[in-house]
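**Q** After the structure tokens below, expect a handful of questions from me.
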Protein chains: 2
Amino acid sequence: MEEVGSALPHREAPLATIRDVAQAAGVSIATVSRVLNGSPRVSDDARDRVWSAVAELDYWPNTAAQSLTTRRSNAIGVLLPDLYGEFFSEVIRGIDHAARQVKQQVLISSSHADTNTVLSAARAMRGRIDGLIMMAPDQGSIEPIHQIARRFPVLLLNPRSAVAGCSTVSISNFEGARTVVGHLLSLGHTRIAIVNGPKGNVDAEERRRGYRDAFARADLPASATLELCGDFTESSGFDSAQDLLRLWPRPTAVFATNDAMALGLLSALQTEHVRVPEDLAIVGFDDIAIARYASPPLTTIHVDAFELGERSVQLLLQAMSSETGRACHDEVLPAPLVIRRSCGATPAAMQAQTS
Amino acid sequence: MEEVGSALPHREAPLATIRDVAQAAGVSIATVSRVLNGSPRVSDDARDRVWSAVAELDYWPNTAAQSLTTRRSNAIGVLLPDLYGEFFSEVIRGIDHAARQVKQQVLISSSHADTNTVLSAARAMRGRIDGLIMMAPDQGSIEPIHQIARRFPVLLLNPRSAVAGCSTVSISNFEGARTVVGHLLSLGHTRIAIVNGPKGNVDAEERRRGYRDAFARADLPASATLELCGDFTESSGFDSAQDLLRLWPRPTAVFATNDAMALGLLSALQTEHVRVPEDLAIVGFDDIAIARYASPPLTTIHVDAFELGERSVQLLLQAMSSETGRACHDEVLPAPLVIRRSCGATPAAMQAQTS
DNA sequence: TTGTAAGCGTTATCAG
DNA sequence: CTGATAACGCTTACAA
């Protein structure tokens, strides 16, 4: 590590306050405040003097003081579990994007292991935020969430269960899973394995439900021996290949409940010289960016994490603005099927989808 | 969208303040403050009464008021350009992780297109943060950065140029690129193309420099016709395949300056029946999670974005704490070569690396 | 050990 | 149109 000495202090003089501006402009602080907040009841002369004083002193209003008096911080909090990868970044990008449009700042705290650490994180946000977007990490008691919701409007991302007084927005995990497995069924597969995410994970559970429901709808029995358990990582997908190939009779198709695992699986099958989709069809879930570039390109369910983030701030703001006896909205974003080559669909089917 | 009416208000009663707690506990607000801040100069009796009042009233201190008086917000700001994907999320995760350990909150604002929007974002953080981590989007004037650095300690992530008074932490783009291209050279390749990121992007420029330097070191001429330009996305990598194959004489190896492009390229080559690495060796940069699961697995340069985020918080805090005439540190994180199959290295070479 | 009171930098309510 | 001045909720001398 190279060290470069520097004498430059953060600031040469103490930061200018509204008082300094008032003095420099020869007006009262009230007038400065009016000018800054665009009040019309100010003379042009005063206004000019204030603005030049502001420029002169390079005055930046102190946000903490503002929110203390106005009781608004113009910031929203975001509490997330330990997510990673594309989903995480897209959700944040969507939140950030939507927040900027409504001139809100974003306070993030992620990697929360349980609902209680979420509680303490939320507590630390008191006074800094006007509303909170949260994705609860576990199925845990909803009591902490209630406690939080008492203090500010809360929007639940992919909620594990309904919470009175909270709006929610979620991905249709269940329908998506049912759709993609249904697609496999319609292609003639009947022995379809599932490589699922970790037990207790709500997305995983929902996707499993969808998987089973697809069988039920087709009047086919779902076999528990076909249900494998991974942890949503590439490597767990890779590792599941062995278990999969050991199954007898061997399944003809696999539903990996996210693309990362599907990709790991794809990689393992290639080294095992199992052809996809001829020997084994594979479908994923999420439609991450590289799914399209896998070999073969992956049939999957498209999840728009960016939109999920965007919608959550929009709904949160809606909840925040409806002053009187807020109504809560629950929104479910669609998760459409994207047919590519890994499922072995005929060109005709792939054609049909693009129309 | 389903609507669920709800009568539950955000809060049944106005939120408790320190004054309410004081009254409930039968002490002065000063005592409450002392208890809350762990001052030893409080009687056990008073302490107990305060804590129960706090629990009773479910009191959460108002952070805005705290930072107004203490002039510390215990939060750091993060300003990023329009990043996406794994790099983005890992940097944030690293920042978040390190921040939590030192009990700092994280205020994020991303997708800044130019240094001036960065300035206004920073301005909006005045009073909310004690320090700022920023990644400047363009090579633009460093004047705005100076203006920001006058107000709070600034840490530059992957700085495009030195800025007086700012600590920096960066990836060794140059060395990494030189290393991976040098590896190709050592494998006997001499016609090595580069598919680079967008012009003006600093990472791209640095990696190009490394590419050229590798040639210079080997006393080989670098040809401009071998330099292709993408934009760091999978699809631009995919598209570059055509240009690549049109080159004559055809290159025997390609350095894609990030893995996303390398993966897109891999996919395109597969449909063109160009064998990797036999017909064309490929190397990437970043070592994203799926690089290991590509077919063939991708030789690349490992970039630890998580650590980048972590270190930036640590260095920022260091800069914040050294009260008197701060010294600035510049840290460069190593970017080691990861040899996999896409470069066509012999098993011996791959062996050597694991030792 | 405790309480009183003076800020912190704003906004907002008054009179003028 | 403008200026005092009282909040906002908290920390911290300074006294007691």
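As shown in the structure tokens, the chain order sets the letters A, B, ...; within each chain, residues go from 1, and ligands are also counted from 1 in the order they appear.
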Which residues of chain A are close to chain D, meaning at most 6 Å apart when you count only C-alpha atoms (C1' of nucleotides), and how do they look as a CSV table (one decimal) with N, CA and C atoms, in the first residue's frame?

**A**
chain,number,residue,atom,x,y,z
A,42,VAL,N,-41.2,36.5,-1.8
A,42,VAL,CA,-39.8,37.1,-1.6
A,42,VAL,C,-39.5,38.1,-2.7
A,68,LEU,N,-35.5,17.1,10.7
A,68,LEU,CA,-35.9,17.2,12.1
A,68,LEU,C,-37.1,18.1,12.2
A,69,THR,N,-37.1,19.2,11.5
A,69,THR,CA,-38.2,20.2,11.5
A,69,THR,C,-39.4,19.7,10.7

**Q** Near range 293-310 of chain A, within 6 Å and counting only C-alpha atoms (C1' of nucleotides), which residues show up once chain neighbours fewer than 5 positions away are dropped, as a list in words?

**A**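 Close residues of range 293-310 of chain A: Phe87, Glu90, Val91, Gly94, Ile95, Ala98, Val283, Gly284, Phe285, Asp286, Asp287, Ala335, Pro336, Leu337, Val338, Ile339, Arg340, Arg341, Ser342 and Cys343 of chain A; Gly264 and Ser267 of chain B.
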
**Q** Selected residues, C-alpha atoms, written as a tab-separated table (two decimals), in the first residue's frame, please.

**A**
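Wrote part-v4.tsv, looks like this:
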chain	number	residue	atom	x	y	z
A	87	PHE	CA	-31.27	-10.66	-8.70
A	90	GLU	CA	-31.28	-5.67	-10.34
A	91	VAL	CA	-33.67	-5.17	-7.47
A	94	GLY	CA	-34.81	-0.81	-9.89
A	95	ILE	CA	-35.29	0.70	-6.45
A	98	ALA	CA	-37.55	4.67	-9.19
A	283	VAL	CA	-35.38	-25.78	-17.63
A	284	GLY	CA	-34.50	-23.05	-15.16
A	285	PHE	CA	-36.07	-20.09	-13.45
A	286	ASP	CA	-35.06	-16.39	-13.36
A	287	ASP	CA	-33.83	-15.78	-16.91
A	335	ALA	CA	-43.25	-14.44	-14.74
A	336	PRO	CA	-43.53	-15.47	-18.37
A	337	LEU	CA	-42.09	-18.60	-19.93
A	338	VAL	CA	-39.10	-18.14	-22.22
A	339	ILE	CA	-38.62	-21.09	-24.53
A	340	ARG	CA	-35.08	-21.72	-25.74
A	341	ARG	CA	-33.30	-24.89	-26.70
A	342	SER	CA	-32.55	-26.66	-23.42
A	343	CYS	CA	-36.08	-28.00	-23.10
B	264	GLY	CA	-21.26	-14.24	-25.30
B	267	SER	CA	-21.82	-18.97	-27.27

**Q** Give the helix (DSSP H, G or I) residues of range 58-208 of chain A, as DSSP finds them on the backbone, and put them as a compact mmCIF listing (two decimals) with C-alpha atoms, in the first residue's frame.

**A**
# COMPACT_ATOMS: atom_id res chain seq x y z
CA THR A 63 -30.47 17.46 5.65
CA ALA A 64 -30.56 16.23 9.22
CA ALA A 65 -31.80 19.59 10.43
CA GLN A 66 -34.34 19.72 7.67
CA SER A 67 -35.83 16.37 8.46
CA LEU A 68 -35.91 17.21 12.13
CA THR A 69 -38.19 20.16 11.54
CA THR A 70 -40.20 18.89 8.61
CA GLY A 85 -25.89 -12.01 -7.87
CA GLU A 86 -27.98 -10.55 -10.54
CA PHE A 87 -31.27 -10.66 -8.70
CA PHE A 88 -29.91 -8.60 -5.87
CA SER A 89 -28.29 -6.02 -8.07
CA GLU A 90 -31.28 -5.67 -10.34
CA VAL A 91 -33.67 -5.17 -7.47
CA ILE A 92 -31.46 -2.46 -6.09
CA ARG A 93 -31.06 -0.84 -9.44
CA GLY A 94 -34.81 -0.81 -9.89
CA ILE A 95 -35.29 0.70 -6.45
CA ASP A 96 -32.62 3.28 -7.01
CA HIS A 97 -34.00 4.19 -10.39
CA ALA A 98 -37.55 4.67 -9.19
CA ALA A 99 -36.39 6.47 -6.08
CA ARG A 100 -34.46 9.00 -8.05
CA GLN A 101 -37.48 9.83 -10.13
CA THR A 115 -36.17 -11.09 11.36
CA ASN A 116 -34.67 -9.80 14.56
CA THR A 117 -31.56 -8.39 13.01
CA VAL A 118 -33.93 -6.78 10.57
CA LEU A 119 -35.67 -5.18 13.50
CA SER A 120 -32.54 -3.62 14.86
CA ALA A 121 -31.55 -2.40 11.43
CA ALA A 122 -34.93 -0.78 11.05
CA ARG A 123 -34.56 0.80 14.44
CA GLU A 143 -44.37 -9.69 15.12
CA PRO A 144 -41.15 -7.75 14.43
CA ILE A 145 -42.58 -6.66 11.11
CA HIS A 146 -45.65 -5.36 12.87
CA GLN A 147 -43.46 -3.47 15.23
CA ILE A 148 -41.72 -1.84 12.31
CA ALA A 149 -44.92 -1.18 10.44
CA ASN A 173 -43.27 -18.13 -8.24
CA PHE A 174 -46.05 -20.63 -8.09
CA GLU A 175 -47.53 -19.90 -11.50
CA GLY A 176 -44.11 -19.60 -13.08
CA ALA A 177 -43.03 -23.01 -11.82
CA ARG A 178 -46.30 -24.56 -12.82
CA THR A 179 -45.97 -23.06 -16.28
CA VAL A 180 -42.46 -24.24 -16.98
CA VAL A 181 -43.13 -27.74 -15.67
CA GLY A 182 -46.40 -27.78 -17.58
CA HIS A 183 -44.39 -26.95 -20.67
CA LEU A 184 -42.19 -29.97 -20.06
CA LEU A 185 -45.28 -32.11 -19.55
CA SER A 186 -46.76 -30.85 -22.80
CA VAL A 202 -39.98 -19.32 0.44
CA ASP A 203 -39.19 -18.99 -3.23
CA ALA A 204 -38.06 -22.59 -3.23
CA GLU A 205 -41.21 -23.75 -1.51
CA GLU A 206 -43.45 -21.87 -3.88
CA ARG A 207 -41.65 -23.20 -6.90
CA ARG A 208 -41.95 -26.70 -5.56

**Q** List the spatial neighbours of Pro137 in chain B as a VMD selection string - criterion: any atom at most 7 Å away, only C-alpha atoms (C1' of nucleotides), same-chain residues fewer than 3 positions off excluded.

**A** chain B and resid 81 112 to 115

**Q** For a test of reading the model, state the distance in Å between CA of Val78 in chain A and CA of Ala124 in chain B, rounded to one decimal.

**A** 18.1 Å

**Q** Kindly provide, as a ChimeraX atom specification, the residues of chain C having any atom no farther than 6 Å from an atom of chain A, counting only C-alpha atoms (C1' of nucleotides).

**A** /C:9-11

**Q** Mind giving me the straight-line distance from CA of Asp231 in chain B to CA of Asn201 in chain B in Å, one decimal?

**A** 9.3 Å

**Q** Which neighbours of Glu234 in chain B fall inside 7 Å, counting only C-alpha atoms (C1' of nucleotides), when residues of the same chain fewer than 3 positions from it are skipped, and could you give them as a ChimeraX atom specification?

**A** /B:237-238,260-261,263-264

**Q** For those residues, write C-alpha atoms to a file as a compact mmCIF listing (two decimals), in the first residue's frame.

**A**
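Resulting contents of again24.txt:
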# COMPACT_ATOMS: atom_id res chain seq x y z
CA GLY B 237 -19.42 -10.38 -27.03
CA PHE B 238 -21.80 -12.49 -29.04
CA ALA B 260 -19.66 -11.40 -19.85
CA MET B 261 -18.31 -10.68 -23.32
CA LEU B 263 -19.29 -15.87 -22.51
CA GLY B 264 -21.26 -14.24 -25.30

**Q** Which of these, A:Leu247, A:Val332, A:Met134, A:Ala24, has the shortest distance to chain B once you count only C-alpha atoms?

**A** A:Val332
